[in-house]
>>> print(open('target21.txt').read())   # compact mmCIF, C-alpha atoms
# COMPACT_ATOMS: atom_id res chain seq x y z
CA MET A 1 -44.83 65.23 -16.17
CA SER A 2 -46.65 62.03 -17.04
CA ALA A 3 -46.16 58.71 -15.29
CA ASP A 4 -44.38 57.23 -18.35
CA ASP A 5 -41.91 60.13 -18.40
CA GLN A 6 -41.28 59.68 -14.67
CA ILE A 7 -40.57 55.94 -15.15
CA ARG A 8 -38.26 56.68 -18.08
CA LEU A 9 -36.41 59.30 -16.04
CA ASP A 10 -36.01 56.88 -13.11
CA GLU A 11 -34.60 54.20 -15.43
CA GLU A 12 -32.06 56.64 -16.87
CA GLN A 13 -30.92 57.77 -13.42
CA PHE A 14 -31.00 54.32 -11.80
CA PRO A 15 -30.44 51.68 -14.50
CA LYS A 16 -31.42 48.12 -13.72
CA LYS A 17 -28.70 45.82 -12.44
CA VAL A 18 -28.02 43.02 -14.85
CA PRO A 19 -26.61 39.88 -13.19
CA VAL A 20 -23.26 38.80 -14.58
CA HIS A 21 -22.73 35.09 -14.93
CA VAL A 22 -19.14 33.86 -14.80
CA GLY A 23 -18.64 31.31 -17.53
CA SER A 24 -16.59 28.13 -17.20
CA GLY A 25 -13.85 29.68 -19.30
CA VAL A 26 -13.30 32.33 -16.61
CA LYS A 27 -14.17 30.22 -13.56
CA ALA A 28 -11.45 27.60 -14.11
CA PRO A 29 -8.54 30.10 -14.23
CA LEU A 30 -9.94 31.86 -11.17
CA ILE A 31 -10.05 28.57 -9.24
CA ILE A 32 -6.49 27.76 -10.31
CA LEU A 33 -5.22 31.20 -9.28
CA ALA A 34 -7.03 30.99 -5.93
CA THR A 35 -5.57 27.52 -5.28
CA LEU A 36 -2.04 28.67 -6.12
CA SER A 37 -2.48 31.71 -3.86
CA VAL A 38 -3.58 29.52 -0.94
CA LEU A 39 -0.64 27.13 -1.46
CA ALA A 40 1.78 30.06 -1.63
CA ALA A 41 0.31 31.41 1.62
CA PHE A 42 0.75 27.96 3.23
CA ASP A 43 4.38 27.94 2.16
CA TYR A 44 5.05 31.50 3.35
CA ALA A 45 3.24 31.10 6.69
CA GLU A 46 4.49 27.57 7.45
CA SER A 47 5.21 28.31 11.11
CA LEU A 48 1.59 29.46 11.56
CA VAL A 49 -0.37 27.11 9.30
CA LEU A 50 1.48 23.84 9.95
CA PRO A 51 0.59 23.62 13.68
CA VAL A 52 -3.05 24.40 12.85
CA VAL A 53 -3.26 21.65 10.22
CA LEU A 54 -1.44 19.20 12.51
CA ALA A 55 -3.83 20.00 15.38
CA PHE A 56 -6.82 19.59 13.08
CA VAL A 57 -5.62 16.15 11.93
CA ILE A 58 -4.86 15.02 15.51
CA SER A 59 -8.24 16.22 16.79
CA LEU A 60 -10.04 14.40 13.96
CA THR A 61 -8.11 11.24 14.80
CA LEU A 62 -9.14 11.47 18.47
CA THR A 63 -12.75 12.52 17.81
CA PRO A 64 -14.35 9.03 18.16
CA ILE A 65 -12.64 8.46 21.52
CA ASN A 66 -13.44 12.02 22.60
CA LEU A 67 -17.16 11.65 21.82
CA TRP A 68 -17.26 8.34 23.70
CA LEU A 69 -15.64 9.95 26.76
CA GLN A 70 -17.79 13.08 26.62
CA ARG A 71 -20.91 10.98 27.13
CA ARG A 72 -19.48 9.87 30.47
CA ILE A 73 -17.34 12.71 31.82
CA TRP A 74 -16.97 16.48 31.50
CA PRO A 75 -15.77 17.55 27.99
CA GLY A 76 -12.83 19.52 29.37
CA LEU A 77 -11.61 16.50 31.33
CA SER A 78 -12.02 14.27 28.29
CA ALA A 79 -9.91 16.59 26.14
CA PHE A 80 -7.32 16.92 28.92
CA LEU A 81 -6.96 13.15 29.26
CA LEU A 82 -6.53 12.65 25.51
CA VAL A 83 -4.05 15.49 25.10
CA SER A 84 -2.12 14.24 28.14
CA ALA A 85 -1.97 10.75 26.61
CA VAL A 86 -0.64 12.16 23.31
CA THR A 87 1.92 14.30 25.13
CA MET A 88 3.05 11.35 27.26
CA ALA A 89 3.40 9.15 24.17
CA LEU A 90 5.51 11.81 22.43
CA GLY A 91 7.66 12.21 25.55
CA ILE A 92 8.26 8.47 25.91
CA ALA A 93 9.09 8.21 22.21
CA ALA A 94 11.53 11.12 22.46
CA LEU A 95 13.30 9.65 25.51
CA THR A 96 13.43 6.17 23.97
CA LEU A 97 14.69 7.31 20.58
CA ALA A 98 17.04 10.10 21.67
CA GLN A 99 20.07 7.86 22.02
CA PRO A 100 19.52 5.79 18.80
CA VAL A 101 18.82 8.91 16.73
CA THR A 102 21.90 10.70 18.11
CA SER A 103 24.07 7.65 17.42
CA PHE A 104 22.69 7.35 13.91
CA ILE A 105 23.40 11.02 13.16
CA ASP A 106 26.94 10.72 14.57
CA ASP A 107 27.61 7.55 12.61
CA ALA A 108 26.04 8.78 9.36
CA PRO A 109 29.41 9.59 7.67
CA THR A 110 30.84 6.22 8.72
CA ILE A 111 27.72 4.41 7.50
CA GLY A 112 28.03 6.20 4.16
CA ARG A 113 31.66 5.16 3.75
CA GLN A 114 30.84 1.56 4.67
CA LEU A 115 28.05 1.47 2.12
CA LYS A 116 30.41 2.75 -0.55
CA LEU A 117 32.90 0.00 0.28
CA ARG A 118 30.22 -2.70 0.23
CA LEU A 119 28.83 -1.45 -3.07
CA GLU A 120 32.27 -1.06 -4.63
CA GLU A 121 31.76 -4.08 -6.87
CA PHE A 122 28.72 -2.42 -8.44
CA ARG A 123 30.70 0.66 -9.35
CA ASN A 124 33.01 -0.98 -11.88
CA PRO A 125 30.78 -0.22 -14.90
CA LEU A 126 30.77 3.44 -13.88
CA GLU A 127 34.51 3.85 -13.52
CA THR A 128 35.00 4.82 -17.15
CA ILE A 129 32.41 7.57 -16.91
CA THR A 130 33.89 8.81 -13.62
CA GLU A 131 37.42 8.97 -15.02
CA ALA A 132 36.18 10.84 -18.09
CA SER A 133 34.40 13.40 -15.93
CA LYS A 134 37.55 13.90 -13.85
CA GLU A 135 39.60 14.54 -16.99
CA VAL A 136 37.06 17.10 -18.19
CA GLU A 137 37.19 18.78 -14.77
CA GLN A 138 40.99 18.95 -14.84
CA ILE A 139 40.98 20.42 -18.34
CA THR A 140 38.45 23.03 -17.25
CA LYS A 141 40.55 23.98 -14.22
CA ALA A 142 43.70 24.26 -16.35
CA ALA A 143 41.97 26.53 -18.84
CA SER A 144 40.60 28.82 -16.14
CA ASP A 145 42.33 31.95 -14.93
CA PRO A 146 45.20 30.99 -12.56
CA MET A 147 44.68 34.16 -10.56
CA VAL A 148 41.12 33.18 -9.64
CA ARG A 149 40.87 31.26 -6.41
CA GLU A 150 38.24 28.60 -5.89
CA VAL A 151 36.01 29.28 -2.94
CA VAL A 152 34.28 26.31 -1.35
CA VAL A 153 31.30 27.07 0.88
CA ARG A 154 30.98 24.37 3.52
CA GLN A 155 27.45 23.57 4.57
CA PRO A 156 26.72 22.87 8.24
CA GLY A 157 26.99 19.24 9.24
CA LEU A 158 24.07 16.87 9.65
CA LEU A 159 24.24 17.06 13.44
CA ASN A 160 24.22 20.86 13.45
CA ARG A 161 21.24 21.00 11.10
CA ALA A 162 19.33 18.46 13.19
CA ALA A 163 20.04 20.43 16.37
CA SER A 164 18.86 23.67 14.76
CA ASN A 165 15.56 22.04 13.77
CA ILE A 166 14.78 20.69 17.26
CA GLY A 167 13.52 24.09 18.42
CA ASN A 168 11.20 24.45 15.41
CA ILE A 169 9.84 20.93 15.86
CA ALA A 170 9.27 21.45 19.59
CA SER A 171 7.46 24.79 19.11
CA THR A 172 5.28 23.29 16.36
CA LEU A 173 4.29 20.35 18.57
CA VAL A 174 3.54 22.58 21.58
CA VAL A 175 1.25 24.86 19.54
CA ALA A 176 -0.41 21.87 17.84
CA ILE A 177 -1.11 20.12 21.16
CA ALA A 178 -2.58 23.29 22.68
CA LEU A 179 -4.85 23.81 19.66
CA THR A 180 -5.84 20.14 19.77
CA TYR A 181 -7.11 20.58 23.32
CA PHE A 182 -9.36 23.50 22.38
CA LEU A 183 -10.62 21.73 19.24
CA LEU A 184 -11.59 18.68 21.31
CA VAL A 185 -13.30 20.81 23.98
CA THR A 186 -15.29 22.94 21.51
CA ASN A 187 -16.36 20.26 19.03
CA ARG A 188 -20.03 20.64 20.00
CA LEU A 189 -19.74 24.43 19.71
CA ILE A 190 -18.48 24.06 16.15
CA TYR A 191 -21.55 22.01 15.26
CA GLU A 192 -23.84 24.64 16.78
CA LYS A 193 -22.12 27.50 14.93
CA ILE A 194 -22.53 25.70 11.62
CA VAL A 195 -26.23 25.15 12.29
CA HIS A 196 -26.84 28.79 13.30
CA ALA A 197 -24.92 30.11 10.28
CA SER A 198 -27.45 28.59 7.84
CA PRO A 199 -30.52 30.81 7.23
CA LYS A 200 -33.17 28.17 6.44
CA LEU A 201 -34.15 25.04 8.34
CA SER A 202 -33.46 22.87 5.27
CA ASP A 203 -29.99 24.43 4.97
CA LYS A 204 -29.35 23.79 8.67
CA LYS A 205 -30.23 20.11 8.25
CA ARG A 206 -28.11 19.78 5.11
CA SER A 207 -25.11 21.55 6.68
CA LEU A 208 -25.31 19.42 9.82
CA LEU A 209 -25.63 16.25 7.76
CA VAL A 210 -22.64 17.08 5.52
CA VAL A 211 -20.36 18.18 8.35
CA ASN A 212 -21.27 15.19 10.52
CA ASN A 213 -20.67 12.78 7.63
CA ILE A 214 -17.28 14.34 6.86
CA VAL A 215 -16.12 14.37 10.49
CA THR A 216 -17.38 10.84 11.20
CA THR A 217 -15.84 9.28 8.09
CA VAL A 218 -12.49 11.03 8.36
CA SER A 219 -12.12 10.54 12.12
CA LYS A 220 -12.92 6.83 12.00
CA TYR A 221 -10.52 6.32 9.10
CA LEU A 222 -7.65 8.25 10.70
CA LEU A 223 -8.09 6.53 14.07
CA THR A 224 -8.27 3.07 12.48
CA ILE A 225 -5.27 3.62 10.21
CA THR A 226 -3.27 5.05 13.13
CA ILE A 227 -3.96 1.92 15.21
CA ILE A 228 -3.00 -0.30 12.26
CA ASN A 229 0.21 1.69 11.68
CA ALA A 230 1.09 1.45 15.37
CA GLY A 231 0.69 -2.34 15.25
CA PHE A 232 2.76 -2.43 12.07
CA GLY A 233 5.52 -0.37 13.72
CA VAL A 234 5.61 -2.71 16.73
CA SER A 235 5.82 -5.73 14.38
CA ILE A 236 8.73 -4.18 12.47
CA ALA A 237 10.54 -3.33 15.72
CA ILE A 238 10.18 -6.90 17.00
CA THR A 239 11.27 -8.33 13.65
CA MET A 240 14.37 -6.13 13.47
CA TYR A 241 15.22 -7.06 17.07
CA LEU A 242 15.00 -10.77 16.22
CA LEU A 243 17.20 -10.18 13.16
CA ASP A 244 19.76 -8.42 15.40
CA MET A 245 19.44 -5.17 13.45
CA PRO A 246 20.68 -1.93 15.09
CA SER A 247 18.12 0.39 16.76
CA PRO A 248 14.93 -1.70 16.44
CA ALA A 249 12.89 1.02 18.21
CA LEU A 250 13.97 3.52 15.55
CA TRP A 251 12.91 1.05 12.88
CA GLY A 252 9.49 0.77 14.52
CA LEU A 253 8.97 4.54 14.60
CA ALA A 254 10.10 4.88 10.99
CA ALA A 255 7.73 2.08 9.93
CA PHE A 256 4.84 3.74 11.81
CA LEU A 257 5.39 7.05 9.98
CA LEU A 258 6.21 5.54 6.58
CA ASN A 259 3.04 3.45 6.63
CA TYR A 260 1.01 6.66 6.23
CA LEU A 261 2.49 6.81 2.71
CA PRO A 262 1.00 4.08 0.51
CA PHE A 263 3.43 2.60 -2.05
CA VAL A 264 6.18 5.12 -1.27
CA GLY A 265 6.58 4.13 2.38
CA SER A 266 6.87 0.45 1.50
CA LEU A 267 9.61 1.13 -1.07
CA ILE A 268 11.58 3.35 1.32
CA GLY A 269 11.34 0.84 4.19
CA THR A 270 12.29 -2.14 2.01
CA GLY A 271 15.21 -0.32 0.41
CA SER A 272 16.49 0.92 3.77
CA GLY A 273 16.29 -2.60 5.20
CA MET A 274 18.39 -3.99 2.36
CA LEU A 275 21.01 -1.22 2.62
CA ILE A 276 21.41 -1.51 6.40
CA GLY A 277 21.38 -5.30 6.02
CA LEU A 278 24.48 -5.03 3.82
CA LEU A 279 26.29 -3.31 6.70
CA THR A 280 25.04 -5.69 9.39
CA TYR A 281 25.63 -9.08 7.76
CA ASN A 282 28.61 -10.41 5.84
CA ASP A 283 26.54 -13.13 4.23
CA PRO A 284 24.75 -11.61 1.18
CA ILE A 285 21.74 -13.89 1.69
CA TRP A 286 21.26 -12.74 5.28
CA ALA A 287 21.83 -9.17 4.13
CA LEU A 288 18.59 -9.36 2.16
CA ALA A 289 16.62 -10.68 5.16
CA PRO A 290 15.66 -7.30 6.74
CA GLY A 291 14.42 -5.89 3.45
CA LEU A 292 12.47 -9.06 2.64
CA ALA A 293 10.96 -9.12 6.13
CA TYR A 294 9.86 -5.49 5.83
CA PHE A 295 8.38 -6.15 2.38
CA THR A 296 6.52 -9.24 3.63
CA LEU A 297 4.98 -7.45 6.60
CA THR A 298 3.97 -4.36 4.61
CA THR A 299 2.44 -6.59 1.92
CA LEU A 300 0.39 -8.50 4.49
CA GLU A 301 -0.75 -5.22 6.07
CA GLY A 302 -1.55 -3.44 2.81
CA HIS A 303 -3.29 -6.28 0.97
CA PHE A 304 -5.03 -8.19 3.76
CA ILE A 305 -5.26 -6.43 7.13
CA THR A 306 -6.14 -2.86 6.12
CA PRO A 307 -8.66 -3.83 3.36
CA SER A 308 -10.42 -6.27 5.70
CA VAL A 309 -10.72 -3.60 8.42
CA LEU A 310 -11.50 -0.50 6.34
CA GLY A 311 -12.93 -2.00 3.16
CA GLN A 312 -12.71 -0.13 -0.14
CA ARG A 313 -14.73 2.96 0.80
CA LEU A 314 -11.76 5.35 0.83
CA GLU A 315 -9.66 3.79 -1.90
CA LEU A 316 -7.54 6.55 -3.44
CA ASN A 317 -6.07 7.10 -6.87
CA PRO A 318 -2.33 6.22 -6.75
CA VAL A 319 -1.54 9.20 -8.98
CA ALA A 320 -3.37 11.51 -6.57
CA ILE A 321 -1.41 10.03 -3.65
CA LEU A 322 1.95 10.63 -5.33
CA LEU A 323 0.97 14.16 -6.37
CA SER A 324 -0.19 14.95 -2.83
CA ILE A 325 3.07 13.65 -1.34
CA ALA A 326 5.13 15.67 -3.83
CA LEU A 327 3.07 18.84 -3.30
CA TRP A 328 3.00 18.89 0.50
CA GLY A 329 6.58 17.65 0.71
CA PHE A 330 7.63 20.59 -1.45
CA ILE A 331 5.69 23.03 0.75
CA TRP A 332 6.38 21.68 4.28
CA GLY A 333 9.20 19.14 3.88
CA VAL A 334 9.09 15.97 5.99
CA ALA A 335 6.03 17.15 7.95
CA GLY A 336 4.18 17.73 4.68
CA VAL A 337 5.06 14.24 3.45
CA ILE A 338 3.62 12.69 6.63
CA LEU A 339 0.45 14.83 6.47
CA ALA A 340 -0.05 14.41 2.70
CA VAL A 341 -2.32 11.35 2.79
CA PRO A 342 -4.45 12.48 5.80
CA ILE A 343 -5.01 15.82 4.04
CA LEU A 344 -5.92 13.96 0.84
CA ILE A 345 -8.40 11.81 2.77
CA ILE A 346 -10.07 14.92 4.21
CA VAL A 347 -10.33 16.52 0.76
CA LYS A 348 -11.68 13.26 -0.71
CA VAL A 349 -14.46 12.93 1.87
CA MET A 350 -15.37 16.61 1.51
CA SER A 351 -15.56 16.18 -2.28
CA ASP A 352 -17.87 13.18 -1.92
CA ASN A 353 -20.28 15.11 0.31
CA ILE A 354 -20.32 18.50 -1.45
CA PRO A 355 -22.05 18.42 -4.87
CA GLU A 356 -19.86 21.15 -6.36
CA MET A 357 -16.72 19.09 -5.63
CA GLN A 358 -17.93 15.64 -6.67
CA LEU A 359 -16.08 15.73 -10.00
CA PHE A 360 -12.81 16.33 -8.17
CA GLY A 361 -13.72 13.56 -5.73
CA THR A 362 -14.15 11.16 -8.66
CA PHE A 363 -10.58 11.88 -9.74
CA LEU A 364 -9.27 11.26 -6.23
CA SER A 365 -11.06 7.93 -5.88
CA GLY A 366 -9.66 4.61 -7.00
CA THR A 367 -11.09 2.30 -9.63
CA THR A 368 -14.89 2.56 -9.80
CA SER A 369 -17.05 0.01 -11.55
CA ILE A 370 -20.03 0.92 -13.72
CA ALA A 371 -22.37 -0.80 -11.28
CA GLU A 372 -21.15 1.44 -8.49
CA GLU A 373 -21.74 4.54 -10.60
CA ASP A 374 -25.36 3.58 -11.27
CA GLU A 375 -26.05 2.82 -7.61
CA PRO A 376 -28.30 5.39 -5.94
CA ALA A 377 -26.85 7.26 -3.00
CA PRO A 378 -27.86 5.72 0.34
CA GLU A 379 -30.31 7.55 2.53
CA LEU A 380 -28.62 9.06 5.57
CA GLU A 381 -30.38 9.83 8.81
CA LEU A 382 -30.07 13.26 10.30
CA PRO A 383 -27.49 13.01 13.10
CA ARG A 384 -27.98 14.49 16.51
CA LEU A 385 -25.51 16.84 18.08
CA PRO A 386 -22.88 14.86 20.00
>>> encode(input="target21.txt", output="structure tokens")
Amino acid sequence: MSADDQIRLDEEQFPKKVPVHVGSGVKAPLIILATLSVLAAFDYAESLVLPVVLAFVISLTLTPINLWLQRRIWPGLSAFLLVSAVTMALGIAALTLAQPVTSFIDDAPTIGRQLKLRLEEFRNPLETITEASKEVEQITKAASDPMVREVVVRQPGLLNRAASNIGNIASTLVVAIALTYFLLVTNRLIYEKIVHASPKLSDKKRSLLVVNNIVTTVSKYLLTITIINAGFGVSIAITMYLLDMPSPALWGLAAFLLNYLPFVGSLIGTGSGMLIGLLTYNDPIWALAPGLAYFTLTTLEGHFITPSVLGQRLELNPVAILLSIALWGFIWGVAGVILAVPILIIVKVMSDNIPEMQLFGTFLSGTTSIAEEDEPAPELELPRLP
């Protein structure tokens, strides 16, 4: 057998592998399906995934302080001190707010009835529609089978539902705090694993640069915004105390959490201040004072304090913010609403530092001028391991 025949026989038995390139028409549906699968898994495994995400966000927030302490003391002691401080703050908040929250839950039906009475004058235009709907309901009941009994399923009260959720909240916080400790202790190990996972020296440098840039940017932002929100919550609590509003500490905590939600948090806080003001004051002018005070403080914080401290580097698209709040609120409820913007910030910074995701990062960013688009990317120095 000649050499040509041998080559031909080998090609027939072992055909050459032809690389298959996935076109954009197939890649986009695959990305969408993969994203939907991940979100469905997050929804199904909420009790497992939510503490992990919460611990990741907390550890990123504490990273600048942790790195500063690790240069002076043992890493395990640094993580222990930070986790102890977070646990102590949560404990003090729980003890301080236990009585106001319990009173608010007990008085919720009474507050609802009082609001209805105070807003009675605004219901006059709707009386005609209400009476018409009642007549239609009576006609429907009369036409129904008299032998069929109406069964009303009573839902558990607000207090019972809140009590049933305390165990879930406590277990989530315990797991998140424990994971936060290990994430803070092993932050250097994570850097080393990323470096060793890359095969080439150039890939090691690039991976270290990207990860360090993401962690540094996100951690500084989250820590700064948390400090600003804490100051805003204290300001709201003092203001509500001076206005003789009920439960000023509860107002401060609500303001601290709502301030993580741009636009939406301001509207909720202002509207709540006006509604509770209607119950607290008989004078309609004074009734608007709490809402106006909340709106004034949140406007000063959002338009002057935060931009002057953080600048415009992480300005986000308002549509992306609302979509993120709706998405994570649908998946994880109240916890998802609070974590929506921090998660969006993490995704935004990752998109800015990973070339394959830069198009998505452009959508997440706010208004960008043409001059900024033409600006060359700044040169970044290779960071050292912390």
>>> closest_residue(input="target21.txt", among="A:Ile305, A:Leu60, A:Leu184, A:Val347", to="Ser78 of chain A", atoms="all atoms listed in the file")
A:Leu184
>>> closest_atom_pairs(input="target21.txt", of="segment 210-316 of chain A", to="segment 329-339 of chain A", cutoff="8 Å", atoms="all atoms listed in the file", output="Markdown table")
| residue | atom | partner | partner_atom | distance |
| --- | --- | --- | --- | --- |
| A:Leu257 | CA | A:Ile338 | CA | 6.8 |
| A:Leu258 | CA | A:Ile338 | CA | 7.6 |
| A:Tyr260 | CA | A:Ile338 | CA | 6.6 |
| A:Leu261 | CA | A:Ile338 | CA | 7.2 |
>>> closest_residue(input="target21.txt", among="A:Ile65, A:Ile214, A:Leu243, A:Leu250", to="Leu288 of chain A", atoms="only C-alpha atoms")
A:Leu243
>>> closest_residue(input="target21.txt", among="A:Ala89, A:Leu36, A:Leu81, A:Met350", to="Tyr181 of chain A", atoms="all atoms listed in the file")
A:Leu81
>>> atom_distance(input="target21.txt", atom1="atom CA of Thr362 of chain A", atom2="atom CA of Thr226 of chain A")
25.1 Å
>>> axis_aligned_box(input="target21.txt", around="segment 295-303 of chain A", padding_each_side="5 Å", output="JSON")
{"center_x": 2.5, "center_y": -6.3, "center_z": 3.8, "size_x": 21.7, "size_y": 15.8, "size_z": 15.6}
>>> atom_distance(input="target21.txt", atom1="atom CA of Met240 of chain A", atom2="atom CA of Phe256 of chain A")
13.8 Å
>>> residues_around(input="target21.txt", residues="Thr96 of chain A", least_positions_apart="5", cutoff="12 Å", atoms="all atoms listed in the file", output="PyMOL selection string")
chain A and resi 89-91+101-102+247-250+252-253
>>> closest_residue(input="target21.txt", among="A:Thr35, A:Ser308, A:Thr280, A:Asn353", to="Leu208 of chain A", atoms="only C-alpha atoms")
A:Asn353
